[in-house]
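Student: The following block contains the structure, expressed as structure tokens.
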Amino acid sequence: MTNKITAAITAVGGYVPEDKLTNFDLEKMVDTNDEWIRTRTGISERRILKGEGKATSDMAVPAVLELCKKRGIDPVEIDCMIVATVTPDMVFPATANIVCDKIGAVNAWGYDLSAACSGFLFALTSGAAYIESGRYKKVVVVGADKMSAIIDYSDRNTCVIFGDGAGAVLLEPATDGSGVLDSILRTDGSGRHYLNMKAGGSARPATIETVTNKEHFAYQEGKTVFKFAVKGMADVSAELLERNNLTGDDIAWLVPHQANLRIIDATAERMNLPKEKVMVNIQRYGNTTAGTIPLCLWEWEKELKKGDNLVLAAFGGGFTWGATWIKWNYDM
Ligand code: UT7
């Protein structure tokens, strides 16, 4: 036992929409094919949130309600809600406010955090700091994106990659040495040119021209992002191990952002981790941006054991990237 307060993950929730968009569906929409997508990215299908007015909060809500149910808590007990997303329901107010309203988390304050694919790690580290400070007892961290809202389904550079989904974790204080133990987080704004949404912000407000030019969709120079992602995610993961005197043998699971199977493989190799220790669900969900890492935790929750060392790693738009070391807190 130690007296130091750490932020332990005590429950996980997730949600993916029912509707699937397969590689074969995409073959009918753009000049691509199933073989290219599978071999270059590892993706076979992704989920799409359909329905008039359905938004990111509509995926975050079931994810958060699931974790409340699992932990046996009422939403009124939540102190703080952080929603990592680049597809908020609206520019403002924050999606966190909307989620709190929809679930009746009337005692929570909260905000959205924008760090693209690294959003969940940035939000997790922020939420953990609130717990470690002793100020809050129940912080919910959500990673949720409705990428289909900002994807141009005539652009094969982006439409084959992204999907919709949400995951959420509950952070609570622990004194047994479990929880979020270390993070290395980075940003480099010079990378903004290679992965972005050009219009709709204060630099380029919406006009008929921005709509005609398709500037409200995600834009990506895939090859450049790929190059930075492979190096960024592997470097930071290796650095995290080194500074905590850990080796691949100490790690039970790598929980990587699901952007491209080749980036995941490169990171695992650098950490000396066999494939069996790497969570991969990209084949079914594609890249759900802030949703990927909590969705992996959600799907693997039953296999996680108290005391397992997990490394969570991501790279994404911004550029933003990072790695977080977690000691798992419970058996299911
Ligand atoms: O999560 C946020 C961070 N994002 C990432 O980490 C994504 C990083 N980038 C990637 O994952 C990859 O760069 C992509 C999957 C986006 C693209 O794969 P790539 O191996 O880098 O392909 P490429 O852009 O170098 O293109 C290779 C070839 C080109 O044809 P030529 O010039 O060799 O004849 C492309 O025109 O593949 C062609 N191509 C496609 N063909 C079929 C590009 N996109 C497609 C497509 N279907 N969808």
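Every chain in the structure tokens has a letter given in the order shown (A, B, ...), and although residue numbers restart at 1 in each chain, ligands are simply numbered from 1 in the order shown.
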Please identify all protein, DNA and RNA residues within 9 Å of ligand 1, counting only C-alpha atoms and all ligand atoms, and report them as a ChimeraX atom specification.
Tutor: /A:26-27,30-37,39-41,116-118,155-162,195,220-230,257-263,287-290,314-317,319
Student: Could you write out the selected residues, including N, CA and C atoms, as a short mmCIF file (atom, residue, chain, number, x, y, z; two decimals), in the first residue's frame?
Tutor:
data_model
loop_
_atom_site.label_atom_id
_atom_site.label_comp_id
_atom_site.auth_asym_id
_atom_site.auth_seq_id
_atom_site.Cartn_x
_atom_site.Cartn_y
_atom_site.Cartn_z
N LEU A 26 -17.61 0.44 -50.28
CA LEU A 26 -16.77 1.56 -50.74
C LEU A 26 -16.33 1.39 -52.19
N GLU A 27 -16.16 0.12 -52.60
CA GLU A 27 -15.78 -0.14 -54.00
C GLU A 27 -16.79 0.46 -54.97
N VAL A 30 -16.09 4.81 -54.56
CA VAL A 30 -14.86 5.44 -55.04
C VAL A 30 -13.99 4.39 -55.73
N ASP A 31 -12.92 4.86 -56.39
CA ASP A 31 -12.03 3.95 -57.11
C ASP A 31 -11.08 3.29 -56.10
N THR A 32 -11.55 2.22 -55.49
CA THR A 32 -10.73 1.49 -54.52
C THR A 32 -11.13 0.03 -54.57
N ASN A 33 -10.46 -0.79 -53.77
CA ASN A 33 -10.87 -2.19 -53.71
C ASN A 33 -10.51 -2.79 -52.35
N ASP A 34 -11.24 -3.85 -52.04
CA ASP A 34 -11.10 -4.49 -50.73
C ASP A 34 -9.66 -4.89 -50.45
N GLU A 35 -8.98 -5.44 -51.45
CA GLU A 35 -7.61 -5.92 -51.24
C GLU A 35 -6.67 -4.77 -50.88
N TRP A 36 -6.80 -3.65 -51.60
CA TRP A 36 -5.94 -2.48 -51.32
C TRP A 36 -6.19 -2.00 -49.89
N ILE A 37 -7.43 -1.86 -49.53
CA ILE A 37 -7.73 -1.30 -48.20
C ILE A 37 -7.21 -2.24 -47.11
N THR A 39 -4.80 -4.58 -47.25
CA THR A 39 -3.34 -4.72 -47.16
C THR A 39 -2.66 -3.41 -46.74
N ARG A 40 -3.23 -2.26 -47.12
CA ARG A 40 -2.59 -0.98 -46.77
C ARG A 40 -2.99 -0.45 -45.40
N THR A 41 -4.16 -0.89 -44.89
CA THR A 41 -4.64 -0.31 -43.62
C THR A 41 -5.04 -1.35 -42.58
N ALA A 116 -7.61 15.51 -31.65
CA ALA A 116 -7.77 14.52 -32.73
C ALA A 116 -7.56 13.09 -32.20
N CYS A 117 -6.70 12.33 -32.88
CA CYS A 117 -6.56 10.91 -32.53
C CYS A 117 -5.90 10.70 -31.18
N SER A 118 -5.19 11.71 -30.66
CA SER A 118 -4.58 11.59 -29.33
C SER A 118 -5.52 12.12 -28.26
N ASP A 155 -13.79 11.01 -51.62
CA ASP A 155 -12.33 11.15 -51.46
C ASP A 155 -11.75 9.85 -50.91
N ARG A 156 -11.12 9.09 -51.79
CA ARG A 156 -10.63 7.77 -51.36
C ARG A 156 -9.46 7.86 -50.39
N ASN A 157 -8.83 9.03 -50.31
CA ASN A 157 -7.72 9.20 -49.36
C ASN A 157 -8.18 9.15 -47.91
N THR A 158 -9.42 9.50 -47.68
CA THR A 158 -9.90 9.53 -46.29
C THR A 158 -11.08 8.58 -46.03
N CYS A 159 -11.95 8.39 -47.04
CA CYS A 159 -13.21 7.69 -46.72
C CYS A 159 -13.01 6.21 -46.40
N VAL A 160 -11.89 5.64 -46.82
CA VAL A 160 -11.68 4.22 -46.53
C VAL A 160 -11.21 3.98 -45.09
N ILE A 161 -10.74 5.03 -44.46
CA ILE A 161 -10.06 4.87 -43.16
C ILE A 161 -11.00 5.02 -41.96
N PHE A 162 -11.86 6.04 -42.02
CA PHE A 162 -12.53 6.47 -40.78
C PHE A 162 -13.89 5.81 -40.54
N LEU A 195 -3.02 17.29 -41.91
CA LEU A 195 -4.25 16.62 -41.47
C LEU A 195 -5.09 17.68 -40.77
N GLN A 220 -6.38 14.97 -45.57
CA GLN A 220 -5.18 14.28 -45.08
C GLN A 220 -4.18 14.01 -46.19
N GLU A 221 -2.92 14.36 -45.93
CA GLU A 221 -1.83 13.90 -46.81
C GLU A 221 -1.29 12.64 -46.16
N GLY A 222 -1.88 11.51 -46.55
CA GLY A 222 -1.68 10.24 -45.85
C GLY A 222 -0.23 9.82 -45.70
N LYS A 223 0.53 9.94 -46.80
CA LYS A 223 1.91 9.46 -46.78
C LYS A 223 2.75 10.21 -45.74
N THR A 224 2.59 11.54 -45.69
CA THR A 224 3.35 12.36 -44.73
C THR A 224 2.93 12.01 -43.32
N VAL A 225 1.62 11.93 -43.09
CA VAL A 225 1.14 11.61 -41.74
C VAL A 225 1.65 10.24 -41.32
N PHE A 226 1.62 9.30 -42.25
CA PHE A 226 2.08 7.94 -41.96
C PHE A 226 3.53 7.95 -41.46
N LYS A 227 4.36 8.69 -42.17
CA LYS A 227 5.79 8.75 -41.84
C LYS A 227 6.00 9.27 -40.40
N PHE A 228 5.32 10.37 -40.09
CA PHE A 228 5.43 10.95 -38.74
C PHE A 228 4.81 10.03 -37.69
N ALA A 229 3.70 9.38 -38.06
CA ALA A 229 2.98 8.53 -37.09
C ALA A 229 3.83 7.33 -36.67
N VAL A 230 4.44 6.67 -37.63
CA VAL A 230 5.25 5.49 -37.33
C VAL A 230 6.36 5.86 -36.36
N HIS A 257 -3.69 3.41 -30.80
CA HIS A 257 -4.66 4.06 -31.66
C HIS A 257 -4.76 3.26 -32.96
N GLN A 258 -5.98 3.10 -33.45
CA GLN A 258 -6.19 2.24 -34.63
C GLN A 258 -6.31 3.11 -35.87
N ALA A 259 -5.16 3.51 -36.43
CA ALA A 259 -5.19 4.33 -37.65
C ALA A 259 -4.78 3.51 -38.86
N ASN A 260 -3.82 2.63 -38.64
CA ASN A 260 -3.30 1.81 -39.73
C ASN A 260 -2.56 0.64 -39.09
N LEU A 261 -2.88 -0.56 -39.52
CA LEU A 261 -2.26 -1.74 -38.92
C LEU A 261 -0.74 -1.71 -39.03
N ARG A 262 -0.24 -1.07 -40.09
CA ARG A 262 1.22 -1.02 -40.27
C ARG A 262 1.86 -0.12 -39.21
N ILE A 263 1.17 0.93 -38.78
CA ILE A 263 1.70 1.80 -37.72
C ILE A 263 1.68 1.03 -36.39
N ASN A 287 -10.79 3.68 -38.21
CA ASN A 287 -10.22 4.70 -37.32
C ASN A 287 -11.35 5.59 -36.79
N THR A 288 -11.69 5.42 -35.53
CA THR A 288 -12.76 6.22 -34.91
C THR A 288 -12.17 7.43 -34.15
N THR A 289 -10.95 7.82 -34.51
CA THR A 289 -10.27 9.00 -33.95
C THR A 289 -10.17 8.90 -32.42
N ALA A 290 -10.86 9.74 -31.66
CA ALA A 290 -10.71 9.69 -30.19
C ALA A 290 -11.33 8.42 -29.60
N ALA A 314 -0.80 6.77 -29.09
CA ALA A 314 -1.56 7.37 -30.19
C ALA A 314 -0.74 8.39 -30.96
N PHE A 315 -1.16 8.62 -32.20
CA PHE A 315 -0.60 9.70 -33.02
C PHE A 315 -1.73 10.23 -33.89
N GLY A 316 -1.81 11.55 -34.04
CA GLY A 316 -2.87 12.08 -34.88
C GLY A 316 -2.72 13.53 -35.26
N GLY A 317 -3.79 14.07 -35.78
CA GLY A 317 -3.81 15.43 -36.32
C GLY A 317 -3.35 16.44 -35.30
N PHE A 319 0.28 18.16 -35.35
CA PHE A 319 0.28 16.78 -34.88
C PHE A 319 0.17 16.71 -33.36
#
Student: So that I can check the secondary structure, give me every residue of stretch 188-318 of chain A assigned alpha helix (DSSP H) by backbone DSSP, as a ChimeraX atom specification.
Tutor: /A:208-212,222-243,261-270,282-285,292-300
Student: Take the residues from that selection and put them in a file with C-alpha atoms, as a short mmCIF file (atom, residue, chain, number, x, y, z; two decimals), in the first residue's frame.
Tutor:
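Result written to out.cif:
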data_model
loop_
_atom_site.label_atom_id
_atom_site.label_comp_id
_atom_site.auth_asym_id
_atom_site.auth_seq_id
_atom_site.Cartn_x
_atom_site.Cartn_y
_atom_site.Cartn_z
CA ILE A 208 -20.87 29.13 -49.99
CA GLU A 209 -17.35 28.94 -51.40
CA THR A 210 -15.98 26.82 -48.53
CA VAL A 211 -18.88 24.43 -48.92
CA THR A 212 -18.44 24.21 -52.70
CA GLY A 222 -1.68 10.24 -45.85
CA LYS A 223 1.91 9.46 -46.78
CA THR A 224 3.35 12.36 -44.73
CA VAL A 225 1.14 11.61 -41.74
CA PHE A 226 2.08 7.94 -41.96
CA LYS A 227 5.79 8.75 -41.84
CA PHE A 228 5.43 10.95 -38.74
CA ALA A 229 2.98 8.53 -37.09
CA VAL A 230 5.25 5.49 -37.33
CA LYS A 231 8.15 7.37 -35.79
CA GLY A 232 6.14 9.41 -33.27
CA MET A 233 4.11 6.58 -31.79
CA ALA A 234 7.04 4.14 -31.58
CA ASP A 235 9.51 6.73 -30.19
CA VAL A 236 7.24 7.91 -27.40
CA SER A 237 6.23 4.36 -26.43
CA ALA A 238 9.87 3.28 -26.22
CA GLU A 239 10.73 6.42 -24.20
CA LEU A 240 7.88 5.68 -21.76
CA LEU A 241 9.19 2.15 -21.16
CA GLU A 242 12.75 3.34 -20.74
CA ARG A 243 12.03 6.09 -18.24
CA LEU A 261 -2.26 -1.74 -38.92
CA ARG A 262 1.22 -1.02 -40.27
CA ILE A 263 1.70 1.80 -37.72
CA ILE A 264 0.50 -0.52 -34.93
CA ASP A 265 2.89 -3.30 -36.03
CA ALA A 266 5.84 -0.90 -36.13
CA THR A 267 5.13 0.30 -32.59
CA ALA A 268 4.75 -3.24 -31.24
CA GLU A 269 8.00 -4.28 -32.88
CA ARG A 270 9.88 -1.34 -31.37
CA ILE A 282 -9.22 -1.82 -36.75
CA GLN A 283 -10.54 -4.51 -39.12
CA ARG A 284 -14.07 -4.02 -37.72
CA TYR A 285 -14.23 -0.34 -36.77
CA THR A 292 -10.20 3.90 -30.78
CA ILE A 293 -8.34 3.43 -27.48
CA PRO A 294 -11.35 3.34 -25.11
CA LEU A 295 -13.15 1.04 -27.58
CA CYS A 296 -10.20 -1.37 -27.34
CA LEU A 297 -10.34 -1.25 -23.52
CA TRP A 298 -14.08 -1.90 -23.75
CA GLU A 299 -13.67 -4.94 -25.99
CA TRP A 300 -10.76 -6.42 -24.02
#
Student: From a DSSP calculation on the backbone, collect every residue of stretch 108-270 of chain A in strand (DSSP E or B) and output the set as a PyMOL selection string.
Tutor: chain A and resi 109-113+139-146+162+164-174+179-187+195-197+218-220+253-256
Student: Using only N, CA and C atoms, please write the residues we just selected to a file, as a CSV table (one decimal), in the first residue's frame.
Tutor:
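Okay, result.csv is ready:
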chain,number,residue,atom,x,y,z
A,109,TRP,N,-19.3,19.2,-13.9
A,109,TRP,CA,-18.8,20.2,-14.8
A,109,TRP,C,-18.0,19.5,-15.9
A,110,GLY,N,-17.8,20.2,-17.0
A,110,GLY,CA,-17.0,19.4,-18.0
A,110,GLY,C,-16.7,20.3,-19.2
A,111,TYR,N,-16.0,19.7,-20.1
A,111,TYR,CA,-15.6,20.4,-21.3
A,111,TYR,C,-15.1,19.4,-22.4
A,112,ASP,N,-15.0,19.9,-23.6
A,112,ASP,CA,-14.5,19.1,-24.7
A,112,ASP,C,-13.0,19.4,-24.9
A,113,LEU,N,-12.3,18.3,-25.3
A,113,LEU,CA,-10.9,18.5,-25.5
A,113,LEU,C,-10.6,18.1,-27.0
A,139,VAL,N,-14.3,11.1,-12.2
A,139,VAL,CA,-14.1,11.8,-13.5
A,139,VAL,C,-14.4,10.9,-14.6
A,140,VAL,N,-15.2,11.2,-15.5
A,140,VAL,CA,-15.5,10.4,-16.7
A,140,VAL,C,-14.7,11.0,-17.9
A,141,VAL,N,-14.0,10.1,-18.6
A,141,VAL,CA,-13.2,10.5,-19.7
A,141,VAL,C,-13.8,9.8,-20.9
A,142,VAL,N,-14.3,10.5,-21.9
A,142,VAL,CA,-14.9,10.0,-23.1
A,142,VAL,C,-14.0,10.2,-24.3
A,143,GLY,N,-13.9,9.3,-25.2
A,143,GLY,CA,-13.3,9.5,-26.6
A,143,GLY,C,-14.4,9.2,-27.6
A,144,ALA,N,-14.9,10.1,-28.3
A,144,ALA,CA,-16.0,9.9,-29.2
A,144,ALA,C,-15.9,10.7,-30.5
A,145,ASP,N,-16.1,10.1,-31.6
A,145,ASP,CA,-16.2,10.8,-32.9
A,145,ASP,C,-17.1,10.2,-33.9
A,146,LYS,N,-17.9,11.1,-34.5
A,146,LYS,CA,-18.7,10.7,-35.6
A,146,LYS,C,-18.0,11.2,-36.8
A,162,PHE,N,-11.9,6.0,-42.0
A,162,PHE,CA,-12.5,6.5,-40.8
A,162,PHE,C,-13.9,5.8,-40.5
A,164,ASP,N,-17.2,5.6,-37.1
A,164,ASP,CA,-17.8,6.3,-35.9
A,164,ASP,C,-17.8,5.3,-34.7
A,165,GLY,N,-17.6,5.9,-33.5
A,165,GLY,CA,-17.7,5.1,-32.3
A,165,GLY,C,-17.3,5.9,-31.1
A,166,ALA,N,-17.6,5.4,-29.9
A,166,ALA,CA,-17.3,6.1,-28.7
A,166,ALA,C,-17.0,5.1,-27.6
A,167,GLY,N,-16.0,5.5,-26.7
A,167,GLY,CA,-15.7,4.7,-25.5
A,167,GLY,C,-15.5,5.7,-24.4
A,168,ALA,N,-15.7,5.1,-23.2
A,168,ALA,CA,-15.6,6.0,-22.0
A,168,ALA,C,-15.0,5.2,-20.8
A,169,VAL,N,-14.3,5.9,-19.9
A,169,VAL,CA,-13.8,5.3,-18.7
A,169,VAL,C,-14.1,6.1,-17.5
A,170,LEU,N,-14.3,5.5,-16.4
A,170,LEU,CA,-14.5,6.2,-15.1
A,170,LEU,C,-13.1,6.2,-14.3
A,171,LEU,N,-12.7,7.4,-13.9
A,171,LEU,CA,-11.5,7.5,-13.1
A,171,LEU,C,-11.9,7.7,-11.6
A,172,GLU,N,-11.3,6.9,-10.7
A,172,GLU,CA,-11.5,7.1,-9.3
A,172,GLU,C,-10.2,7.0,-8.5
A,173,PRO,N,-10.1,7.6,-7.3
A,173,PRO,CA,-8.8,7.6,-6.6
A,173,PRO,C,-8.5,6.1,-6.2
A,174,ALA,N,-7.2,5.8,-6.2
A,174,ALA,CA,-6.7,4.5,-5.7
A,174,ALA,C,-5.5,4.8,-4.9
A,179,GLY,N,-3.5,2.3,-11.6
A,179,GLY,CA,-4.1,3.5,-12.3
A,179,GLY,C,-3.1,4.1,-13.3
A,180,VAL,N,-3.4,5.4,-13.7
A,180,VAL,CA,-2.6,6.1,-14.7
A,180,VAL,C,-1.3,6.5,-14.0
A,181,LEU,N,-0.2,5.8,-14.4
A,181,LEU,CA,1.1,6.0,-13.7
A,181,LEU,C,2.1,7.0,-14.4
A,182,ASP,N,2.0,7.1,-15.7
A,182,ASP,CA,2.9,8.0,-16.4
A,182,ASP,C,2.4,8.3,-17.8
A,183,SER,N,2.7,9.5,-18.3
A,183,SER,CA,2.3,9.8,-19.6
A,183,SER,C,3.4,10.7,-20.3
A,184,ILE,N,3.6,10.5,-21.5
A,184,ILE,CA,4.4,11.4,-22.3
A,184,ILE,C,3.6,11.9,-23.4
A,185,LEU,N,3.3,13.2,-23.4
A,185,LEU,CA,2.4,13.7,-24.4
A,185,LEU,C,3.1,14.8,-25.2
A,186,ARG,N,2.8,14.9,-26.5
A,186,ARG,CA,3.5,15.9,-27.4
A,186,ARG,C,2.6,16.5,-28.4
A,187,THR,N,2.9,17.8,-28.7
A,187,THR,CA,2.2,18.4,-29.9
A,187,THR,C,3.2,19.1,-30.7
A,195,LEU,N,-3.0,17.3,-41.9
A,195,LEU,CA,-4.2,16.6,-41.5
A,195,LEU,C,-5.1,17.7,-40.8
A,196,ASN,N,-6.2,18.0,-41.4
A,196,ASN,CA,-7.0,19.2,-40.8
A,196,ASN,C,-8.4,19.2,-41.5
A,197,MET,N,-9.2,20.2,-41.0
A,197,MET,CA,-10.4,20.5,-41.6
A,197,MET,C,-10.3,22.0,-41.9
A,218,ALA,N,-12.6,16.4,-43.6
A,218,ALA,CA,-11.2,16.1,-43.2
A,218,ALA,C,-10.3,16.0,-44.4
A,219,TYR,N,-9.2,16.7,-44.3
A,219,TYR,CA,-8.2,16.6,-45.4
A,219,TYR,C,-6.9,15.9,-44.8
A,220,GLN,N,-6.4,15.0,-45.6
A,220,GLN,CA,-5.2,14.3,-45.1
A,220,GLN,C,-4.2,14.0,-46.2
A,253,TRP,N,-0.3,-5.6,-22.2
A,253,TRP,CA,-1.0,-5.1,-23.4
A,253,TRP,C,-0.5,-3.8,-24.0
A,254,LEU,N,-0.4,-3.7,-25.3
A,254,LEU,CA,-0.3,-2.5,-26.0
A,254,LEU,C,-1.7,-2.1,-26.5
A,255,VAL,N,-2.1,-0.9,-26.2
A,255,VAL,CA,-3.5,-0.4,-26.6
A,255,VAL,C,-3.2,0.7,-27.6
A,256,PRO,N,-3.1,0.4,-28.8
A,256,PRO,CA,-2.7,1.5,-29.8
A,256,PRO,C,-3.9,2.1,-30.5
Student: Ranking A:Val280, A:Leu65, A:Thr87, A:Met271 by minimum distance to A:Gly13 and counting only C-alpha atoms, which one comes first?
Tutor: A:Leu65
Student: Between atom CA of A:Ile78 and atom CA of A:Lys302, measure the distance and give it in Å to one decimal.
Tutor: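 Between atom CA of A:Ile78 and atom CA of A:Lys302 the gap is 23.9 Å.
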Student: State, in Å with one decimal place, the distance from atom CA of A:Lys69 to atom CA of A:Ile103.
Tutor: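 Computing it gives 12.1 Å between the two atoms.
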Student: So how many Å separate atom CA of A:Ala94 and atom CA of A:Val106, to one decimal?
Tutor: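 So the answer is 15.1 Å.
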Student: Can you pull out the residues contacting A:Val76? Cut-off 7 Å, using only C-alpha atoms, and skip same-chain residues under 4 positions away; I want them as a ChimeraX atom specification.
Tutor: /A:104-107
Student: Which of these, A:Ser154, A:Asn309, A:Thr56, A:Ser126, has the shortest distance to A:Gly248 once you count only C-alpha atoms?
Tutor: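 Among A:Ser154, A:Asn309, A:Thr56, A:Ser126, it is A:Asn309 that comes nearest to A:Gly248.
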Student: Looking at A:Gly286, A:Leu121, A:Ser57, A:Asp331, which one is nearest to A:Thr22, with distances taken over only C-alpha atoms?
Tutor: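 Residue with the minimum atom-to-atom distance to A:Thr22: A:Gly286.
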